[in-house]
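K.L.:
One file is attached below, model-v3.cif, containing mmCIF, C-alpha atoms and all ligand atoms.
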data_model
#
loop_
_atom_site.label_atom_id
_atom_site.label_comp_id
_atom_site.auth_asym_id
_atom_site.auth_seq_id
_atom_site.Cartn_x
_atom_site.Cartn_y
_atom_site.Cartn_z
CA MET I 1 10.13 14.57 0.17
CA GLU I 2 12.12 17.36 -1.41
CA ILE I 3 10.64 20.79 -2.16
CA LYS I 4 12.47 22.88 -4.76
CA ASN I 5 11.22 26.45 -4.78
CA LEU I 6 12.99 28.03 -7.75
CA SER I 7 12.17 31.58 -6.55
CA GLN I 8 14.82 31.14 -3.85
CA ASP I 9 17.44 31.86 -6.51
CA ASN I 10 17.13 34.85 -8.79
CA SER I 11 16.59 33.75 -12.38
CA ILE I 12 14.70 34.78 -15.50
CA ILE I 13 11.72 32.82 -14.12
CA ASN I 14 11.00 35.85 -11.90
CA GLN I 15 10.35 37.99 -14.99
CA TYR I 16 7.86 35.43 -16.33
CA MET I 17 6.22 35.29 -12.90
CA VAL I 18 5.75 39.07 -12.81
CA GLU I 19 4.04 38.88 -16.19
CA ILE I 20 1.69 35.97 -15.44
CA ARG I 21 0.64 37.54 -12.12
CA ASP I 22 -0.02 40.98 -13.69
CA ALA I 23 -3.79 41.46 -14.17
CA GLU I 24 -3.24 43.77 -17.17
CA TYR I 25 -0.66 41.55 -18.87
CA GLN I 26 -2.96 38.53 -18.40
CA LYS I 27 -5.44 40.02 -20.85
CA ASN I 28 -3.26 38.67 -23.67
CA ARG I 29 -3.83 34.90 -23.51
CA LEU I 30 -1.10 34.18 -26.03
CA LEU I 31 1.50 35.87 -23.83
CA PHE I 32 0.06 34.18 -20.72
CA ARG I 33 0.26 30.69 -22.23
CA ASN I 34 3.71 31.43 -23.60
CA ASN I 35 5.03 32.36 -20.17
CA ILE I 36 3.49 29.23 -18.64
CA MET I 37 5.32 27.26 -21.32
CA ARG I 38 8.62 29.05 -20.68
CA ILE I 39 8.44 28.35 -16.94
CA GLY I 40 7.83 24.71 -17.90
CA GLU I 41 11.01 24.76 -20.00
CA CYS I 42 13.00 26.25 -17.10
CA GLU I 43 11.70 23.68 -14.59
CA ALA I 44 12.39 20.85 -17.02
CA TYR I 45 15.98 22.06 -17.35
CA GLU I 46 16.34 22.09 -13.54
CA ILE I 47 14.86 18.58 -13.31
CA SER I 48 17.28 17.41 -16.02
CA LYS I 49 20.17 18.08 -13.62
CA THR I 50 18.77 15.51 -11.17
CA LEU I 51 18.44 12.60 -13.63
CA GLN I 52 20.73 9.62 -14.10
CA TYR I 53 23.13 9.80 -17.04
CA LYS I 54 24.83 7.27 -19.30
CA LYS I 55 27.65 7.71 -21.80
CA LYS I 56 26.73 7.95 -25.46
CA GLU I 57 29.15 7.90 -28.38
CA VAL I 58 28.30 10.15 -31.29
CA VAL I 59 30.08 10.13 -34.64
CA THR I 60 30.76 13.62 -35.98
CA PRO I 61 32.04 14.27 -39.53
CA LEU I 62 35.55 14.56 -38.01
CA GLY I 63 35.69 11.97 -35.25
CA THR I 64 33.79 10.66 -32.24
CA SER I 65 32.59 12.40 -29.11
CA ILE I 66 31.41 10.80 -25.85
CA ILE I 67 28.64 12.67 -24.07
CA ASN I 68 26.56 11.93 -20.94
CA VAL I 69 22.86 11.77 -21.82
CA PRO I 70 19.81 11.16 -19.59
CA ALA I 71 19.16 7.47 -18.93
CA ASN I 72 15.72 7.76 -17.29
CA ARG I 73 12.61 6.70 -19.14
CA ILE I 74 10.43 9.77 -18.67
CA VAL I 75 6.66 10.02 -18.83
CA LEU I 76 5.40 13.60 -18.91
CA GLY I 77 1.99 13.53 -17.28
CA THR I 78 -0.28 16.54 -17.30
CA ILE I 79 -3.72 17.59 -16.12
CA PHE I 80 -6.28 19.16 -18.48
CA ARG I 81 -6.84 22.08 -19.11
CA ALA I 82 -4.31 24.41 -17.55
CA GLY I 83 -1.56 21.80 -17.66
CA LEU I 84 -1.41 21.84 -21.46
CA PRO I 85 0.86 24.86 -22.13
CA PHE I 86 3.01 23.88 -19.12
CA HIS I 87 3.34 20.37 -20.55
CA THR I 88 4.42 21.83 -23.90
CA GLY I 89 7.33 23.52 -22.12
CA PHE I 90 8.42 20.20 -20.59
CA LEU I 91 8.08 18.43 -23.93
CA ASN I 92 10.19 21.11 -25.64
CA ILE I 93 13.04 20.06 -23.34
CA PHE I 94 12.34 16.33 -22.90
CA ASP I 95 11.35 15.76 -26.52
CA HIS I 96 12.06 12.00 -26.30
CA ALA I 97 9.64 11.51 -23.40
CA GLU I 98 6.41 9.56 -23.46
CA ASN I 99 3.27 11.48 -22.51
CA GLY I 100 0.22 10.89 -20.35
CA PHE I 101 -2.91 13.01 -20.00
CA VAL I 102 -5.55 13.08 -17.31
CA SER I 103 -8.55 15.34 -16.92
CA ALA I 104 -9.39 16.88 -13.57
CA TYR I 105 -11.59 19.84 -12.90
CA ARG I 106 -12.65 21.47 -9.70
CA GLU I 107 -16.37 21.95 -9.15
CA TYR I 108 -17.99 23.75 -6.25
CA THR I 109 -20.27 21.45 -4.26
CA ASP I 110 -22.15 24.21 -2.41
CA LYS I 111 -23.89 27.45 -3.39
CA ALA I 112 -21.47 29.63 -1.41
CA HIS I 113 -18.52 28.20 -3.43
CA HIS I 114 -16.62 27.24 -0.30
CA ASN I 115 -16.25 23.52 -0.95
CA VAL I 116 -14.53 22.13 -3.97
CA GLY I 117 -14.78 18.60 -5.35
CA VAL I 118 -12.45 17.28 -8.07
CA HIS I 119 -13.64 15.15 -10.99
CA VAL I 120 -11.35 12.85 -12.96
CA GLU I 121 -12.93 11.50 -16.14
CA TYR I 122 -10.23 10.80 -18.71
CA LEU I 123 -6.85 9.07 -18.68
CA ALA I 124 -4.60 8.35 -21.67
CA THR I 125 -1.11 7.26 -20.70
CA PRO I 126 1.59 4.69 -21.46
CA SER I 127 2.69 2.37 -18.66
CA ILE I 128 4.49 4.31 -15.93
CA GLN I 129 6.04 1.16 -14.43
CA ASP I 130 9.61 1.87 -13.24
CA LYS I 131 9.69 5.15 -15.16
CA THR I 132 10.29 8.73 -14.07
CA LEU I 133 6.86 10.33 -13.85
CA VAL I 134 6.65 14.11 -14.12
CA ILE I 135 3.17 15.50 -13.39
CA ALA I 136 2.95 19.08 -14.62
CA ASP I 137 0.10 21.36 -13.53
CA PRO I 138 0.57 25.10 -12.90
CA MET I 139 -1.48 25.36 -9.68
CA LEU I 140 -1.13 23.27 -6.53
CA ALA I 141 -3.91 24.78 -4.41
CA THR I 142 -5.69 22.21 -2.20
CA GLY I 143 -3.66 19.45 -3.88
CA GLY I 144 -6.89 17.55 -4.67
CA SER I 145 -6.40 17.57 -8.46
CA MET I 146 -2.80 16.39 -8.15
CA GLU I 147 -3.72 13.63 -5.70
CA LEU I 148 -6.55 12.21 -7.81
CA SER I 149 -4.55 12.51 -11.04
CA TYR I 150 -1.64 10.64 -9.45
CA LYS I 151 -4.03 7.90 -8.30
CA ALA I 152 -5.35 7.63 -11.87
CA PHE I 153 -1.77 7.25 -13.20
CA LEU I 154 -1.06 4.60 -10.55
CA THR I 155 -3.62 2.33 -12.26
CA LYS I 156 -0.98 2.04 -15.04
CA GLY I 157 2.05 1.05 -12.97
CA THR I 158 4.33 2.15 -10.15
CA PRO I 159 6.84 4.86 -11.10
CA ALA I 160 10.49 4.72 -10.04
CA TYR I 161 10.41 8.44 -9.19
CA ILE I 162 7.86 11.24 -9.25
CA HIS I 163 8.44 14.92 -9.97
CA ILE I 164 5.45 17.14 -9.15
CA ALA I 165 5.93 20.27 -11.23
CA CYS I 166 3.83 23.36 -10.61
CA ILE I 167 4.20 27.10 -10.86
CA ILE I 168 2.51 28.28 -7.67
CA ALA I 169 2.02 26.02 -4.65
CA THR I 170 0.40 26.61 -1.27
CA PRO I 171 1.59 25.19 2.06
CA GLN I 172 -1.71 23.23 2.26
CA GLY I 173 -1.19 21.75 -1.21
CA ILE I 174 2.35 20.72 -0.31
CA ASP I 175 1.11 19.10 2.92
CA GLN I 176 -1.46 17.17 0.89
CA ILE I 177 1.26 15.91 -1.47
CA ARG I 178 3.37 14.93 1.55
CA SER I 179 0.50 12.85 2.94
CA VAL I 180 -0.16 10.97 -0.31
CA PHE I 181 3.09 10.58 -2.27
CA PRO I 182 6.00 8.30 -1.34
CA SER I 183 8.41 10.59 0.52
CA ASP I 184 11.58 8.76 -0.58
CA LYS I 185 10.89 9.19 -4.28
CA THR I 186 9.01 12.46 -4.75
CA THR I 187 10.21 15.99 -5.43
CA VAL I 188 7.91 19.02 -5.68
CA TRP I 189 9.12 21.78 -7.99
CA CYS I 190 7.57 25.25 -8.01
CA ALA I 191 8.37 28.83 -8.96
CA ALA I 192 6.67 30.27 -5.86
CA ILE I 193 4.96 29.24 -2.64
CA ASP I 194 2.13 31.66 -1.85
CA PRO I 195 0.77 31.99 1.69
CA GLY I 196 -2.68 30.47 1.19
CA MET I 197 -6.09 30.45 -0.48
CA ASN I 198 -9.24 32.55 -0.35
CA GLU I 199 -12.64 31.16 0.67
CA HIS I 200 -13.17 29.89 -2.90
CA LYS I 201 -9.89 27.93 -2.82
CA TYR I 202 -8.07 30.28 -5.18
CA ILE I 203 -4.43 30.89 -4.39
CA VAL I 204 -3.73 34.38 -2.97
CA PRO I 205 -2.05 36.39 -4.40
CA GLY I 206 -1.66 33.66 -7.05
CA PHE I 207 -2.70 34.77 -10.50
CA GLY I 208 -6.35 33.67 -10.83
CA ASP I 209 -7.90 30.80 -12.72
CA ALA I 210 -5.14 29.21 -14.77
CA GLY I 211 -7.44 27.30 -17.14
CA ASP I 212 -9.61 30.34 -17.86
CA LEU I 213 -6.58 32.57 -18.39
CA CYS I 214 -5.15 30.10 -20.90
CA TYR I 215 -8.32 29.20 -22.78
CA GLY I 216 -11.22 31.44 -21.70
CA GLU I 217 -14.01 30.97 -19.21
CA LYS I 218 -15.87 27.69 -19.13
CA ILE I 219 -19.59 27.30 -18.36
O1 LIG R 301 -5.03 21.89 -6.04
P1 LIG R 301 -6.45 22.06 -6.48
O2 LIG R 301 -7.29 22.72 -5.44
O3 LIG R 301 -7.06 20.78 -6.97
O4 LIG R 301 -6.45 23.11 -7.68
C1 LIG R 301 -5.56 23.00 -8.73
C2 LIG R 301 -6.26 22.73 -10.03
O5 LIG R 301 -7.03 23.86 -10.42
C3 LIG R 301 -6.77 24.11 -11.80
O6 LIG R 301 -7.60 23.35 -12.60
P2 LIG R 301 -9.20 23.59 -12.74
O7 LIG R 301 -9.95 22.67 -11.86
O8 LIG R 301 -9.47 25.06 -12.58
O9 LIG R 301 -9.48 23.12 -14.22
P3 LIG R 301 -9.09 23.84 -15.59
O10 LIG R 301 -7.61 23.70 -15.77
O11 LIG R 301 -9.86 23.08 -16.62
O12 LIG R 301 -9.53 25.27 -15.50
C4 LIG R 301 -5.31 23.73 -11.93
O13 LIG R 301 -4.92 23.53 -13.25
C5 LIG R 301 -5.23 22.48 -11.10
O14 LIG R 301 -5.51 21.32 -11.83
O1 LIG R 302 -5.71 29.86 -7.69
C1 LIG R 302 -6.05 28.83 -8.30
C2 LIG R 302 -6.34 27.63 -7.63
C3 LIG R 302 -6.68 26.55 -8.35
N1 LIG R 302 -6.76 26.63 -9.69
C4 LIG R 302 -6.50 27.78 -10.34
O2 LIG R 302 -6.57 27.83 -11.57
N2 LIG R 302 -6.14 28.85 -9.62
MG MG R 303 -9.71 26.40 -13.87
#
Produce structure tokens that represent the structure in this file.
Ligand SMILES: O=P(O)(O)OC[C@H]1O[C@H](OP(=O)(O)OP(=O)(O)O)[C@H](O)[C@@H]1O
Ligand SMILES: O=c1cc[nH]c(=O)[nH]1
Ligand SMILES: [Mg+2]
P.N.:
Amino acid sequence: MEIKNLSQDNSIINQYMVEIRDAEYQKNRLLFRNNIMRIGECEAYEISKTLQYKKKEVVTPLGTSIINVPANRIVLGTIFRAGLPFHTGFLNIFDHAENGFVSAYREYTDKAHHNVGVHVEYLATPSIQDKTLVIADPMLATGGSMELSYKAFLTKGTPAYIHIACIIATPQGIDQIRSVFPSDKTTVWCAAIDPGMNEHKYIVPGFGDAGDLCYGEKI
């Protein structure tokens, strides 16, 4: 399994990361969502370099041009809620892609908020059979949401390749992906790998609760 940590090269993504991590800057949800979207666009562009390409002839007003265009059939999968602005970034780049949506939310199963269970309740997706499945979700913390969402997508076919796209990952989340996903056809993309999680399973330093920062607190 390949891990592509985009923070290893300096790029404009670092500026967006500074802003989404900044507790003051986060107070503006519009700017927060917009930066999540822009990181999605950057990751999509990086993923585009790894696709297969085929020649396409295009007729201009003055002649013809032959250009290599992506050949993969892409399904952009995302996980409600926090995945939505990230998904928009991917769709801005891969505007011809099909789209799949799954809901997953983490719920504490004990009073001390130390144990987290993940609930999957909703799936709306085209077939993913033999397609390139991108699953976009900003946070890969325990990896539980990504694992269960992937298993939900698998009820609709077997993908040819899987790109796990997140913004911040933890070593534990990556290990979880490694134990569940097919190693010969999975790449994990992220803009940072943070050292770990606190006792409530929030990534530290991370940036907080992605869904709440995008859309407000839920009850
Ligand atoms: O790797 P995990 O430990 O499963 O955590 C990651 C999940 O946490 C967030 O969703 P959350 O459950 O907060 O739902 P929300 O997007 O509706 O806020 C995030 O968007 C991931 O889906
Ligand atoms: O730090 C974290 C971990 C999981 N989900 C979030 O939104 N933030
Ligand atoms: Mg949340």
K.L.:
Between I:Gln129, I:Asn10, I:Ser179, I:Asn115, which one has atoms that come closest to Ala160 (chain I), using only C-alpha atoms?
P.N.:
I:Gln129
K.L.:
Set out as CSV a contact list for chain I and ligand LIG 301 (chain R) with a cut-off of 9 Å, giving each residue of chain I that qualifies its closest atom pair and distance in Å to one decimal, counting all atoms listed in the file, ordered by chain and rising residue number.
P.N.:
residue,atom,partner,partner_atom,distance
I:Thr78,CA,R:LIG301,O14,9.0
I:Ile79,CA,R:LIG301,O14,6.0
I:Phe80,CA,R:LIG301,O10,5.5
I:Arg81,CA,R:LIG301,O10,3.8
I:Ala82,CA,R:LIG301,O10,3.8
I:Gly83,CA,R:LIG301,O13,5.8
I:Leu84,CA,R:LIG301,O10,8.6
I:Ser103,CA,R:LIG301,O11,7.9
I:Ala104,CA,R:LIG301,O7,6.1
I:Tyr105,CA,R:LIG301,O7,3.4
I:Arg106,CA,R:LIG301,O7,3.7
I:Glu107,CA,R:LIG301,O7,7.0
I:Val116,CA,R:LIG301,O2,7.4
I:Gly117,CA,R:LIG301,O3,8.2
I:Val118,CA,R:LIG301,O3,6.5
I:His119,CA,R:LIG301,O7,8.4
I:Asp137,CA,R:LIG301,O13,5.5
I:Pro138,CA,R:LIG301,O13,5.7
I:Met139,CA,R:LIG301,C4,4.7
I:Leu140,CA,R:LIG301,O1,4.2
I:Ala141,CA,R:LIG301,O1,3.5
I:Thr142,CA,R:LIG301,O2,3.6
I:Gly143,CA,R:LIG301,O1,3.5
I:Gly144,CA,R:LIG301,O3,4.0
I:Ser145,CA,R:LIG301,O3,3.6
I:Met146,CA,R:LIG301,O3,6.2
I:Glu147,CA,R:LIG301,O3,8.0
I:Leu148,CA,R:LIG301,O3,8.6
I:Ser149,CA,R:LIG301,O14,8.9
I:Ala169,CA,R:LIG301,O1,8.3
I:Thr170,CA,R:LIG301,O1,8.6
I:Gly173,CA,R:LIG301,O1,6.2
I:Lys201,CA,R:LIG301,O2,6.4
I:Tyr202,CA,R:LIG301,O2,7.6
I:Ile203,CA,R:LIG301,O4,8.7
I:Asp209,CA,R:LIG301,O8,6.0
I:Ala210,CA,R:LIG301,O13,5.9
I:Gly211,CA,R:LIG301,O12,3.3
I:Asp212,CA,R:LIG301,O12,5.6
I:Leu213,CA,R:LIG301,O12,8.4
I:Cys214,CA,R:LIG301,O12,8.5
I:Tyr215,CA,R:LIG301,O12,8.4
I:Gly216,CA,R:LIG301,O12,8.9
I:Glu217,CA,R:LIG301,O12,8.1
I:Lys218,CA,R:LIG301,O12,7.7
K.L.:
Nearest to ligand LIG 302 (chain R): which of I:Lys27, I:Lys111, I:His96, I:Arg21 is it, counting only C-alpha atoms and all ligand atoms?
P.N.:
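For ligand LIG 302 (chain R), the nearest of the candidates is I:Arg21.
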K.L.:
Between atom N2 of ligand LIG 302 (chain R) and CA of Ile13 (chain I), measure the distance and give it in Å to one decimal.
P.N.:
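Computing the Euclidean distance for atom N2 of ligand LIG 302 (chain R) and CA of Ile13 (chain I) yields 18.8 Å.
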K.L.:
Put the listed atoms of region 6-23 of chain I in a box along x, y and z with 5 Å added on every side and give me the centre and edge lengths in Å to one decimal, as AutoDock Vina command-line options.
P.N.:
--center_x 6.8 --center_y 34.7 --center_z -10.1 --size_x 31.2 --size_y 23.4 --size_z 22.5
